[in-house]
>>> print(open('entry19.cif').read())   # mmCIF, C-alpha atoms
data_data
loop_
_atom_site.label_atom_id
_atom_site.label_comp_id
_atom_site.auth_asym_id
_atom_site.auth_seq_id
_atom_site.Cartn_x
_atom_site.Cartn_y
_atom_site.Cartn_z
CA MET A 25 -53.28 69.19 79.12
CA ARG A 26 -49.71 67.99 78.95
CA LEU A 27 -48.46 65.75 76.15
CA SER A 28 -48.20 62.84 78.55
CA ASP A 29 -51.85 63.36 79.55
CA TYR A 30 -52.97 63.02 75.93
CA PHE A 31 -51.06 59.74 75.52
CA GLU A 32 -52.30 58.39 78.85
CA GLN A 33 -55.92 59.17 78.02
CA SER A 34 -55.52 57.76 74.47
CA PHE A 35 -54.26 54.41 75.75
CA SER A 36 -56.99 54.36 78.38
CA ASN A 37 -59.76 55.02 75.84
CA LEU A 38 -58.43 52.43 73.41
CA TRP A 39 -58.11 49.84 76.18
CA LYS A 40 -61.80 50.26 77.02
CA ARG A 41 -62.63 49.04 73.50
CA LYS A 42 -59.96 46.35 73.25
CA LEU A 43 -61.46 44.21 70.46
CA ARG A 44 -62.20 47.13 68.15
CA SER A 45 -58.82 48.71 68.82
CA PHE A 46 -57.04 45.40 68.25
CA LEU A 47 -58.78 44.73 64.93
CA THR A 48 -58.11 48.27 63.70
CA THR A 49 -54.46 48.11 64.75
CA PHE A 50 -54.11 44.67 63.17
CA GLY A 51 -55.34 46.11 59.87
CA VAL A 52 -52.61 48.75 60.03
CA VAL A 53 -50.07 46.03 60.89
CA ILE A 54 -51.02 44.10 57.75
CA GLY A 55 -50.86 47.22 55.60
CA ILE A 56 -47.48 48.40 56.89
CA GLY A 57 -46.12 44.84 56.81
CA ALA A 58 -47.10 44.45 53.15
CA LEU A 59 -45.70 47.87 52.25
CA VAL A 60 -42.39 47.23 54.03
CA ALA A 61 -42.00 43.73 52.55
CA MET A 62 -42.70 44.98 49.02
CA ILE A 63 -40.30 47.91 49.16
CA SER A 64 -37.59 45.92 50.96
CA PHE A 65 -37.74 43.27 48.22
CA GLY A 66 -37.21 45.89 45.51
CA LYS A 67 -34.35 47.47 47.46
CA GLY A 68 -32.85 44.06 48.12
CA ILE A 69 -32.75 43.19 44.44
CA GLN A 70 -31.27 46.59 43.62
CA LYS A 71 -28.64 46.25 46.35
CA ASN A 72 -27.67 42.74 45.23
CA VAL A 73 -27.21 43.74 41.60
CA SER A 74 -25.34 46.96 42.36
CA GLU A 75 -23.03 45.40 44.95
CA SER A 76 -22.36 42.38 42.76
CA PHE A 77 -21.32 44.63 39.89
CA LYS A 78 -19.07 46.66 42.17
CA GLN A 79 -17.51 43.67 43.93
CA LEU A 80 -16.83 41.91 40.64
CA GLU A 81 -15.68 45.21 39.11
CA LEU A 82 -17.97 44.70 36.12
CA PHE A 83 -18.02 48.45 35.55
CA ASN A 84 -14.33 48.01 34.68
CA TYR A 85 -15.14 45.80 31.68
CA LEU A 86 -15.80 46.68 28.08
CA MET A 87 -17.00 44.27 25.41
CA VAL A 88 -15.48 44.77 21.95
CA PHE A 89 -17.05 43.09 18.95
CA THR A 90 -17.20 43.25 15.19
CA ASP A 91 -20.21 44.30 13.17
CA SER A 92 -21.21 40.65 12.86
CA ALA A 93 -24.43 38.72 12.62
CA TRP A 94 -24.26 38.12 16.36
CA MET A 95 -24.99 41.77 17.19
CA ARG A 96 -27.49 42.06 14.34
CA LEU A 97 -29.50 39.34 16.02
CA GLY A 98 -29.56 41.31 19.26
CA ASP A 99 -30.09 44.83 17.86
CA PRO A 100 -33.25 45.36 15.76
CA ASP A 101 -31.90 48.61 14.28
CA SER A 102 -28.82 46.83 12.92
CA ARG A 103 -30.98 44.62 10.70
CA ARG A 104 -31.90 47.61 8.56
CA PRO A 105 -30.35 47.46 5.05
CA GLU A 106 -28.67 50.85 5.49
CA ALA A 107 -27.17 49.70 8.81
CA GLN A 108 -25.71 46.63 7.14
CA ASP A 109 -24.21 48.76 4.38
CA GLU A 110 -22.56 50.92 7.02
CA GLY A 111 -21.16 47.89 8.82
CA SER A 112 -17.49 47.88 9.59
CA LYS A 113 -15.16 45.43 7.87
CA ALA A 114 -12.67 45.59 10.73
CA VAL A 115 -11.26 42.27 11.92
CA LEU A 116 -10.85 41.53 15.62
CA ASP A 117 -7.69 39.44 15.39
CA ASP A 118 -4.74 38.94 17.73
CA GLY A 119 -3.00 42.01 16.30
CA VAL A 120 -5.92 44.26 17.17
CA ILE A 121 -6.10 42.71 20.65
CA GLU A 122 -2.42 43.55 21.20
CA LYS A 123 -3.11 47.10 20.01
CA ILE A 124 -5.97 47.46 22.49
CA LYS A 125 -3.68 46.24 25.28
CA GLY A 126 -1.45 49.26 24.63
CA ILE A 127 -4.22 51.79 25.28
CA LYS A 128 -3.95 53.74 28.54
CA GLY A 129 -5.81 52.19 31.45
CA VAL A 130 -6.18 48.72 29.89
CA GLU A 131 -5.11 45.92 32.22
CA ALA A 132 -6.10 42.87 30.21
CA VAL A 133 -7.81 41.82 26.98
CA PHE A 134 -9.03 38.34 26.20
CA ALA A 135 -11.04 36.96 23.32
CA ASP A 136 -14.32 35.27 24.13
CA ILE A 137 -13.38 31.71 23.14
CA ARG A 138 -15.69 28.87 24.09
CA PHE A 139 -16.04 25.44 22.55
CA PRO A 140 -18.22 22.39 23.20
CA ALA A 141 -16.77 19.37 24.98
CA SER A 142 -17.73 16.59 27.32
CA VAL A 143 -16.14 16.19 30.75
CA LYS A 144 -15.80 12.97 32.68
CA ILE A 145 -14.90 12.28 36.29
CA ASN A 146 -15.57 9.16 38.35
CA GLN A 147 -17.32 7.53 35.38
CA LYS A 148 -19.82 10.41 35.23
CA GLU A 149 -20.02 12.48 32.06
CA ALA A 150 -21.60 15.84 31.17
CA PHE A 151 -21.66 18.10 28.12
CA VAL A 152 -20.45 21.70 28.65
CA LEU A 153 -19.08 24.77 26.91
CA ILE A 154 -15.47 25.31 27.98
CA GLN A 155 -14.21 28.88 28.18
CA VAL A 156 -10.62 29.94 27.62
CA LEU A 157 -9.58 32.36 30.37
CA PRO A 158 -6.11 33.89 30.92
CA ALA A 159 -4.44 33.24 34.26
CA GLU A 160 -4.41 36.93 35.16
CA LEU A 161 -8.22 37.00 34.90
CA ALA A 162 -8.56 33.73 36.78
CA LYS A 163 -6.73 35.40 39.68
CA SER A 164 -8.94 38.53 39.61
CA LYS A 165 -12.03 39.34 41.68
CA LEU A 166 -14.11 38.24 38.72
CA MET A 167 -13.49 34.60 39.65
CA LYS A 168 -14.99 33.63 43.00
CA LEU A 169 -13.46 30.39 44.24
CA ARG A 170 -15.18 28.19 46.78
CA SER A 171 -11.99 26.21 47.37
CA GLY A 172 -8.62 25.60 45.76
CA LYS A 173 -6.71 28.25 43.83
CA PRO A 174 -6.58 29.62 40.28
CA TYR A 175 -4.02 28.39 37.79
CA ILE A 176 -1.06 30.76 37.78
CA GLN A 177 0.24 30.24 34.22
CA ASP A 178 -1.31 30.12 30.76
CA ASP A 179 0.44 26.90 29.73
CA VAL A 180 -0.42 24.50 32.57
CA TRP A 181 -2.81 21.58 32.13
CA SER A 182 -5.02 22.73 34.96
CA LEU A 183 -8.56 24.06 35.06
CA ILE A 184 -11.19 25.66 37.23
CA ILE A 185 -14.55 23.93 37.49
CA SER A 186 -17.83 25.25 38.94
CA ASP A 187 -19.36 23.65 42.00
CA SER A 188 -22.68 23.27 40.15
CA LEU A 189 -21.03 21.10 37.48
CA LEU A 190 -19.42 18.92 40.15
CA LYS A 191 -22.86 18.41 41.67
CA ARG A 192 -24.18 17.43 38.25
CA LEU A 193 -21.34 14.91 38.07
CA GLU A 194 -22.50 13.58 41.47
CA VAL A 195 -19.38 14.60 43.36
CA LYS A 196 -20.64 14.68 46.95
CA GLU A 197 -17.58 16.14 48.68
CA LEU A 198 -16.58 19.07 46.46
CA SER A 199 -13.23 19.74 48.13
CA SER A 200 -12.22 16.12 47.48
CA ALA A 201 -12.17 16.88 43.75
CA LEU A 202 -9.20 19.25 44.14
CA GLY A 203 -6.11 17.78 42.55
CA GLU A 204 -8.13 15.05 40.86
CA GLU A 205 -7.73 14.30 37.17
CA ILE A 206 -10.65 15.12 34.89
CA GLU A 207 -11.03 13.99 31.29
CA ILE A 208 -12.08 16.48 28.61
CA SER A 209 -13.19 15.14 25.22
CA THR A 210 -13.52 17.42 22.22
CA LEU A 211 -14.79 16.97 18.69
CA ALA A 212 -12.60 17.75 15.69
CA PHE A 213 -13.09 17.46 11.95
CA ASP A 214 -11.63 14.26 10.54
CA PHE A 215 -12.35 13.98 6.82
CA SER A 216 -10.36 10.74 6.63
CA ARG A 217 -13.43 9.06 8.08
CA ILE A 218 -15.36 9.81 4.90
CA ASN A 219 -15.29 7.12 2.25
CA PRO A 220 -15.56 8.79 -1.20
CA MET A 221 -16.92 5.53 -2.57
CA ASN A 222 -19.74 5.46 -0.03
CA LEU A 223 -21.07 9.00 0.31
CA SER A 224 -24.56 7.71 1.00
CA SER A 225 -23.45 6.73 4.52
CA LEU A 226 -22.63 10.38 5.15
CA PHE A 227 -26.10 11.54 4.19
CA ARG A 228 -27.63 8.80 6.35
CA ALA A 229 -25.44 10.08 9.30
CA GLU A 230 -23.91 6.62 9.60
CA THR A 231 -20.39 8.05 9.21
CA LEU A 232 -19.72 11.62 10.32
CA PRO A 233 -16.45 13.51 9.67
CA PHE A 234 -15.68 13.96 13.36
CA SER A 235 -13.15 12.43 15.69
CA ARG A 236 -13.18 12.43 19.48
CA GLU A 237 -10.04 13.63 21.22
CA SER A 238 -9.48 13.17 24.95
CA TYR A 239 -7.22 15.18 27.26
CA ALA A 240 -6.41 14.96 30.97
CA PHE A 241 -6.55 18.07 33.17
CA LYS A 242 -5.97 18.64 36.86
CA ILE A 243 -8.68 20.38 38.89
CA GLU A 244 -6.92 23.38 40.40
CA GLY A 245 -9.87 25.34 41.78
CA ILE A 246 -13.62 25.09 42.34
CA ALA A 247 -15.57 28.21 41.38
CA GLU A 248 -18.63 29.35 43.22
CA ARG A 249 -21.76 29.66 41.18
CA MET A 250 -22.93 33.26 41.40
CA GLY A 251 -26.49 34.57 41.59
CA PHE A 252 -28.19 36.23 38.64
CA GLY A 253 -26.23 34.08 36.21
CA GLY A 254 -22.84 35.42 37.20
CA PRO A 255 -20.82 38.10 35.40
CA THR A 256 -21.10 38.19 31.62
CA PRO A 257 -17.34 37.71 30.90
CA LEU A 258 -17.55 34.33 32.69
CA ARG A 259 -20.31 32.23 31.22
CA SER A 260 -19.12 28.63 31.49
CA ASP A 261 -18.68 25.85 34.01
CA ILE A 262 -15.07 25.06 33.08
CA PHE A 263 -12.18 27.47 32.47
CA ILE A 264 -8.84 26.50 30.97
CA PRO A 265 -5.65 28.52 30.18
CA PRO A 266 -5.19 29.85 26.63
CA GLY A 267 -1.76 28.24 26.22
CA VAL A 268 -3.04 24.67 26.39
CA ALA A 269 -6.27 25.56 24.59
CA LYS A 270 -4.26 26.14 21.41
CA ASP A 271 -3.02 22.55 21.54
CA LEU A 272 -6.49 21.02 21.75
CA LYS A 273 -8.02 19.57 18.63
CA LYS A 274 -11.47 21.04 18.47
CA LEU A 275 -14.08 22.41 16.13
CA PRO A 276 -12.86 25.58 14.34
CA PHE A 277 -15.32 27.83 16.10
CA SER A 278 -13.99 30.15 18.79
CA ASN A 279 -17.52 31.08 19.80
CA VAL A 280 -20.93 29.54 19.22
CA TRP A 281 -22.00 32.82 17.57
CA ASP A 282 -19.41 32.27 14.85
CA LEU A 283 -21.99 30.07 13.14
CA PHE A 284 -24.03 33.21 12.41
CA ARG A 285 -21.20 35.25 10.96
CA SER A 286 -21.25 36.22 7.31
CA PRO A 287 -18.70 34.50 5.03
CA GLU A 288 -16.77 37.74 4.46
CA ASN A 289 -16.42 38.29 8.21
CA GLN A 290 -15.12 34.89 9.28
CA GLN A 291 -11.63 36.10 10.19
CA GLY A 292 -10.60 36.91 13.71
CA HIS A 293 -12.72 36.73 16.85
CA THR A 294 -16.34 37.69 17.29
CA LEU A 295 -15.99 39.18 20.75
CA ALA A 296 -13.28 40.29 23.17
CA ASN A 297 -13.50 41.45 26.80
CA VAL A 298 -11.36 44.36 27.97
CA ARG A 299 -10.57 45.10 31.61
CA VAL A 300 -9.51 48.60 32.65
CA SER A 301 -7.99 49.70 35.95
CA HIS A 302 -10.76 52.25 36.63
CA PRO A 303 -14.17 53.05 35.08
CA LYS A 304 -12.87 56.51 34.13
CA TYR A 305 -10.92 54.89 31.28
CA ILE A 306 -14.05 53.40 29.70
CA GLU A 307 -15.04 56.43 27.60
CA PRO A 308 -11.56 57.12 26.12
CA LEU A 309 -11.22 53.40 25.41
CA LYS A 310 -14.57 53.30 23.63
CA GLU A 311 -13.52 56.18 21.38
CA ALA A 312 -10.20 54.52 20.55
CA VAL A 313 -11.82 51.18 19.78
CA ARG A 314 -14.49 52.74 17.56
CA GLU A 315 -11.76 54.48 15.58
CA MET A 316 -10.52 50.97 14.79
CA GLY A 317 -13.92 50.21 13.21
CA LEU A 318 -15.12 48.01 16.07
CA GLN A 319 -18.21 48.24 18.26
CA THR A 320 -18.37 48.40 22.06
CA PHE A 321 -20.67 47.65 24.95
CA ALA A 322 -20.01 48.67 28.57
CA PHE A 323 -21.95 47.73 31.67
CA ILE A 324 -21.53 51.21 33.05
CA ASP A 325 -23.60 52.50 30.11
CA GLN A 326 -26.51 50.46 31.39
CA LEU A 327 -26.30 51.88 34.92
CA GLU A 328 -28.90 54.59 34.31
CA GLU A 329 -31.22 52.09 32.65
CA PHE A 330 -30.84 49.83 35.68
CA LYS A 331 -31.71 52.72 37.98
CA THR A 332 -34.79 53.58 35.92
CA GLY A 333 -35.90 49.96 35.93
CA PHE A 334 -35.43 49.69 39.69
CA LEU A 335 -37.37 52.92 40.21
CA VAL A 336 -40.32 51.59 38.22
CA MET A 337 -40.20 48.30 40.12
CA ASP A 338 -40.11 50.14 43.47
CA MET A 339 -43.11 52.23 42.46
CA VAL A 340 -45.13 49.18 41.41
CA LEU A 341 -44.33 47.34 44.62
CA ALA A 342 -45.11 50.44 46.70
CA VAL A 343 -48.50 50.82 45.00
CA VAL A 344 -49.38 47.21 45.83
CA GLY A 345 -48.42 47.79 49.46
CA MET A 346 -50.34 51.10 49.55
CA ILE A 347 -53.56 49.31 48.61
CA ALA A 348 -53.39 47.27 51.82
CA LEU A 349 -52.53 50.40 53.79
CA CYS A 350 -55.50 52.30 52.34
CA VAL A 351 -57.82 49.51 53.43
CA ALA A 352 -56.33 49.73 56.94
CA SER A 353 -56.85 53.52 56.94
CA LEU A 354 -60.54 53.02 56.24
CA GLY A 355 -60.64 50.84 59.35
CA ILE A 356 -59.17 53.68 61.41
CA VAL A 357 -61.75 56.10 60.02
CA ASN A 358 -64.52 53.69 60.92
CA THR A 359 -63.15 53.25 64.46
CA MET A 360 -62.81 56.99 65.05
CA VAL A 361 -66.29 57.75 63.69
CA MET A 362 -67.85 55.10 65.89
CA SER A 363 -65.86 56.37 68.88
CA ILE A 364 -67.12 59.93 68.37
CA LEU A 365 -70.73 58.80 68.01
CA GLU A 366 -70.52 56.72 71.18
CA ARG A 367 -68.85 59.46 73.24
CA TYR A 368 -71.16 62.42 72.70
CA ALA A 369 -71.85 62.61 76.43
CA GLU A 370 -68.15 62.47 77.29
CA ILE A 371 -67.40 65.20 74.77
CA GLY A 372 -70.17 67.35 76.24
CA ILE A 373 -68.77 66.97 79.76
CA MET A 374 -65.27 67.93 78.55
CA LYS A 375 -66.60 71.07 76.87
CA ALA A 376 -68.66 71.91 79.98
CA VAL A 377 -65.52 71.91 82.14
CA GLY A 378 -63.72 74.25 79.74
CA ALA A 379 -62.25 72.04 77.00
CA SER A 380 -62.09 73.70 73.60
CA ASN A 381 -62.85 72.08 70.24
CA ARG A 382 -59.10 71.92 69.66
CA ASP A 383 -58.58 70.00 72.90
CA VAL A 384 -61.24 67.48 71.96
CA SER A 385 -59.77 67.10 68.47
CA LYS A 386 -56.33 66.50 69.97
CA ILE A 387 -57.68 63.61 72.05
CA PHE A 388 -59.02 61.79 68.97
CA PHE A 389 -55.91 62.75 67.02
CA PHE A 390 -53.68 61.13 69.63
CA GLU A 391 -55.89 58.02 69.75
CA SER A 392 -55.60 57.50 66.00
CA SER A 393 -51.87 58.29 66.17
CA VAL A 394 -51.41 55.65 68.88
CA ILE A 395 -53.12 53.13 66.59
CA GLY A 396 -50.78 54.22 63.81
CA LEU A 397 -47.71 53.99 66.08
CA LEU A 398 -48.52 50.49 67.29
CA GLY A 399 -49.54 49.39 63.81
CA GLY A 400 -46.34 50.82 62.33
CA LEU A 401 -44.04 49.17 64.86
CA PHE A 402 -45.70 45.77 64.73
CA GLY A 403 -46.15 46.07 60.96
CA LEU A 404 -42.43 46.71 60.57
CA ALA A 405 -41.73 43.63 62.70
CA LEU A 406 -44.22 41.59 60.66
CA GLY A 407 -42.65 42.67 57.37
CA TRP A 408 -39.18 41.79 58.70
CA VAL A 409 -40.25 38.33 59.92
CA VAL A 410 -42.14 37.51 56.71
CA SER A 411 -39.17 38.67 54.62
CA ILE A 412 -36.84 36.37 56.56
CA LEU A 413 -39.16 33.40 56.07
CA ILE A 414 -39.57 34.05 52.33
CA ASN A 415 -35.83 34.57 51.95
CA GLN A 416 -35.10 31.26 53.68
CA VAL A 417 -37.62 29.36 51.54
CA ILE A 418 -36.26 30.83 48.28
CA ASN A 419 -32.66 30.08 49.22
CA TYR A 420 -33.59 26.56 50.32
CA PHE A 421 -34.84 25.63 46.86
CA LEU A 422 -32.10 27.54 45.00
CA SER A 423 -29.38 25.91 47.12
CA LYS A 424 -30.36 22.57 45.61
CA GLN A 425 -29.37 24.02 42.22
CA GLY A 426 -26.00 25.22 43.50
CA VAL A 427 -26.95 28.89 43.92
CA PRO A 428 -25.27 30.47 46.98
CA PHE A 429 -27.24 32.16 49.73
CA ILE A 430 -28.59 35.55 48.66
CA GLN A 431 -30.30 38.19 50.79
CA TYR A 432 -33.26 39.19 48.62
CA PHE A 433 -34.63 41.78 51.09
CA SER A 434 -32.98 44.94 52.34
CA PHE A 435 -34.13 47.16 55.21
CA PRO A 436 -32.41 50.55 54.97
CA TRP A 437 -32.83 52.85 57.96
CA TRP A 438 -35.01 55.30 56.06
CA LEU A 439 -37.49 52.52 55.23
CA CYS A 440 -37.86 51.50 58.89
CA ILE A 441 -38.26 55.07 60.16
CA GLY A 442 -40.38 56.10 57.18
CA ALA A 443 -42.79 53.18 57.58
CA VAL A 444 -43.54 54.05 61.22
CA ALA A 445 -43.72 57.81 60.50
CA PHE A 446 -46.00 57.21 57.51
CA SER A 447 -48.26 55.03 59.63
CA ILE A 448 -48.54 57.69 62.35
CA SER A 449 -49.03 60.61 59.97
CA GLY A 450 -51.52 58.66 57.86
CA SER A 451 -53.56 57.70 60.90
CA GLY A 452 -53.50 61.27 62.24
CA ALA A 453 -54.55 62.64 58.86
CA GLU A 454 -57.58 60.36 58.82
CA THR A 455 -58.72 62.02 62.03
#
>>> encode(input="entry19.cif", output="structure tokens")
Amino acid sequence: MRLSDYFEQSFSNLWKRKLRSFLTTFGVVIGIGALVAMISFGKGIQKNVSESFKQLELFNYLMVFTDSAWMRLGDPDSRRPEAQDEGSKAVLDDGVIEKIKGIKGVEAVFADIRFPASVKINQKEAFVLIQVLPAELAKSKLMKLRSGKPYIQDDVWSLIISDSLLKRLEVKELSSALGEEIEISTLAFDFSRINPMNLSSLFRAETLPFSRESYAFKIEGIAERMGFGGPTPLRSDIFIPPGVAKDLKKLPFSNVWDLFRSPENQQGHTLANVRVSHPKYIEPLKEAVREMGLQTFAFIDQLEEFKTGFLVMDMVLAVVGMIALCVASLGIVNTMVMSILERYAEIGIMKAVGASNRDVSKIFFFESSVIGLLGGLFGLALGWVVSILINQVINYFLSKQGVPFIQYFSFPWWLCIGAVAFSISGSGAET
């Protein structure tokens, strides 16, 4: 028999038992659809994270910090007494930052300075943490602007605001906020408000040693809120130039983690972000910074951990999808067994006219493979349609929170071909 004869007879035999063939094929469709949807979700998450890091050039950034209480809170090993004794007394001040700027490959260094303030526009007010960001970083790929432009100098009274904050401030037309004036109010210590003759009012919180200072800024650009929380160097809803930040009266904390620093380590900054021109400069930079007595953290160091985590997630999702596929395979086995039992007479006639056992086996093999082929193709289509629907629903709810559209599912070519091939081979193996 020719190959075309096997396929023709397989379709003919399956068509004679339409209901049974349909139910069996539908089981394979569900199994392949679940498997494809699960794996595509894992690959979609992996693709989003990897591409976001590459597009934002996060592998070009290095975090430099002192051996402060901030890192002790995050690293369990650093809370050991011997680790604290070994802690570096290096100070991350402006002089050290200038020294780091001179290292080969370094494009920019900026201290992580954020301070609390309230912002007000159109009689609407919100409390935020304002981050100080140099103009050269505001113009980089790290900052994704929805509209407007970044400030071009470090001494202009302009700022960049996130679209999510504008929505919180009930600004309906975001682009209309460009060029508008926004009021920023900070808190500063004012001990003149304390009456030495009436200290009891201080303890009753009736009179606090704080004054409120207000400043007017121009909205220069509107930043797009990024998925997955955005890049670590940018962690605020408002960014202002460092030149004007020095003129603001504010609380003497350059970072909220300064509150956890030990008294002997209160000088300088807690954290600084370093940008290099290429990831190849990360390792030499880390060595140079550690020689200064400072600690480092690089995103590129976490790449292998990310890959391991994604591999585990893919395996878990694949196992869940395989369960549905195994159930569908049992349906194929049941269909083939029943078909053989019902066709003893037909098999006898085929052997009487000269068909060998191999020829008979090929007929049932092709029938199960046809079920696998149809189930694989329609299962792939089902997984793709379900993924689109889920992706649209997720993005619909996240869009209300200002999160941009994200494709959470990815269908690489090997997944599409592999799903159909796996369905066919699995069905044939059952025979």
>>> atom_distance(input="entry19.cif", atom1="CA of Ala443 (chain A)", atom2="CA of Leu397 (chain A)")
9.9 Å
>>> resolve_selection(input="entry19.cif", expression="the PyMOL selection byres ((chain A and resi 85) around 6)", output="number ranges by chain")
A: 82-84, 86, 298-299
>>> atom_distance(input="entry19.cif", atom1="CA of Glu248 (chain A)", atom2="CA of Leu198 (chain A)")
11.0 Å
>>> residues_near_point(input="entry19.cif", point="(-7.4, 38.5, 18.7)", cutoff="8 Å", atoms="only C-alpha atoms", output="PyMOL selection string")
chain A and resi 116-122+134-135+292-293+296
>>> closest_residue(input="entry19.cif", among="A:Phe321, A:Trp39, A:Tyr305, A:Phe139", to="Phe89 (chain A)", atoms="all atoms listed in the file")
A:Phe321
>>> resolve_selection(input="entry19.cif", expression="the PyMOL selection byres ((chain A and resi 358) around 12)", output="list of chain:residue names")
A:Arg44, A:Ser45, A:Leu47, A:Thr48, A:Gly51, A:Val351, A:Ala352, A:Ser353, A:Leu354, A:Gly355, A:Ile356, A:Val357, A:Thr359, A:Met360, A:Val361, A:Met362, A:Ser363, A:Ile364, A:Leu365, A:Ser392, A:Ser451, A:Glu454, A:Thr455
>>> write_last_selection(input="entry19.cif", atoms="C-alpha atoms", output="CSV table (one decimal), in the frame of the given file")
chain,number,residue,atom,x,y,z
A,44,ARG,CA,-62.2,47.1,68.2
A,45,SER,CA,-58.8,48.7,68.8
A,47,LEU,CA,-58.8,44.7,64.9
A,48,THR,CA,-58.1,48.3,63.7
A,51,GLY,CA,-55.3,46.1,59.9
A,351,VAL,CA,-57.8,49.5,53.4
A,352,ALA,CA,-56.3,49.7,56.9
A,353,SER,CA,-56.8,53.5,56.9
A,354,LEU,CA,-60.5,53.0,56.2
A,355,GLY,CA,-60.6,50.8,59.4
A,356,ILE,CA,-59.2,53.7,61.4
A,357,VAL,CA,-61.8,56.1,60.0
A,359,THR,CA,-63.2,53.2,64.5
A,360,MET,CA,-62.8,57.0,65.0
A,361,VAL,CA,-66.3,57.8,63.7
A,362,MET,CA,-67.8,55.1,65.9
A,363,SER,CA,-65.9,56.4,68.9
A,364,ILE,CA,-67.1,59.9,68.4
A,365,LEU,CA,-70.7,58.8,68.0
A,392,SER,CA,-55.6,57.5,66.0
A,451,SER,CA,-53.6,57.7,60.9
A,454,GLU,CA,-57.6,60.4,58.8
A,455,THR,CA,-58.7,62.0,62.0
>>> decode(input="entry19.cif", residues="region 56-97 of chain A", atoms="C-alpha atoms", output="mmCIF file, in the first residue's frame")
data_model
loop_
_atom_site.group_PDB
_atom_site.id
_atom_site.type_symbol
_atom_site.label_atom_id
_atom_site.label_comp_id
_atom_site.auth_asym_id
_atom_site.auth_seq_id
_atom_site.Cartn_x
_atom_site.Cartn_y
_atom_site.Cartn_z
ATOM 1 C CA ILE A 56 -2.333 20.001 23.552
ATOM 2 C CA GLY A 57 -4.139 23.316 24.116
ATOM 3 C CA ALA A 58 -3.373 23.192 27.850
ATOM 4 C CA LEU A 59 0.244 22.194 27.236
ATOM 5 C CA VAL A 60 0.802 24.941 24.654
ATOM 6 C CA ALA A 61 -0.879 27.615 26.799
ATOM 7 C CA MET A 62 1.164 26.661 29.866
ATOM 8 C CA ILE A 63 4.525 26.625 28.107
ATOM 9 C CA SER A 64 3.774 29.767 26.091
ATOM 10 C CA PHE A 65 2.956 31.626 29.312
ATOM 11 C CA GLY A 66 6.301 30.656 30.850
ATOM 12 C CA LYS A 67 8.152 31.633 27.672
ATOM 13 C CA GLY A 68 6.211 34.884 27.477
ATOM 14 C CA ILE A 69 7.225 35.902 30.983
ATOM 15 C CA GLN A 70 10.832 34.962 30.277
ATOM 16 C CA LYS A 71 10.835 36.898 27.001
ATOM 17 C CA ASN A 72 9.305 39.989 28.615
ATOM 18 C CA VAL A 73 11.838 40.084 31.443
ATOM 19 C CA SER A 74 14.850 39.391 29.225
ATOM 20 C CA GLU A 75 13.858 41.876 26.518
ATOM 21 C CA SER A 76 12.975 44.543 29.074
ATOM 22 C CA PHE A 77 16.404 44.211 30.670
ATOM 23 C CA LYS A 78 18.103 44.398 27.285
ATOM 24 C CA GLN A 79 16.027 47.308 25.979
ATOM 25 C CA LEU A 80 16.541 49.295 29.167
ATOM 26 C CA GLU A 81 20.204 48.235 29.238
ATOM 27 C CA LEU A 82 19.881 47.130 32.857
ATOM 28 C CA PHE A 83 22.809 44.768 32.367
ATOM 29 C CA ASN A 84 24.869 47.961 31.976
ATOM 30 C CA TYR A 85 24.119 49.069 35.550
ATOM 31 C CA LEU A 86 25.945 48.386 38.771
ATOM 32 C CA MET A 87 24.708 49.276 42.239
ATOM 33 C CA VAL A 88 27.375 50.482 44.671
ATOM 34 C CA PHE A 89 26.607 50.674 48.367
ATOM 35 C CA THR A 90 28.252 50.852 51.754
ATOM 36 C CA ASP A 91 28.255 48.093 54.330
ATOM 37 C CA SER A 92 25.208 49.680 55.944
ATOM 38 C CA ALA A 93 22.174 48.475 57.810
ATOM 39 C CA TRP A 94 20.224 48.584 54.564
ATOM 40 C CA MET A 95 22.106 45.623 53.080
ATOM 41 C CA ARG A 96 22.191 43.832 56.430
ATOM 42 C CA LEU A 97 18.414 43.841 56.368
#
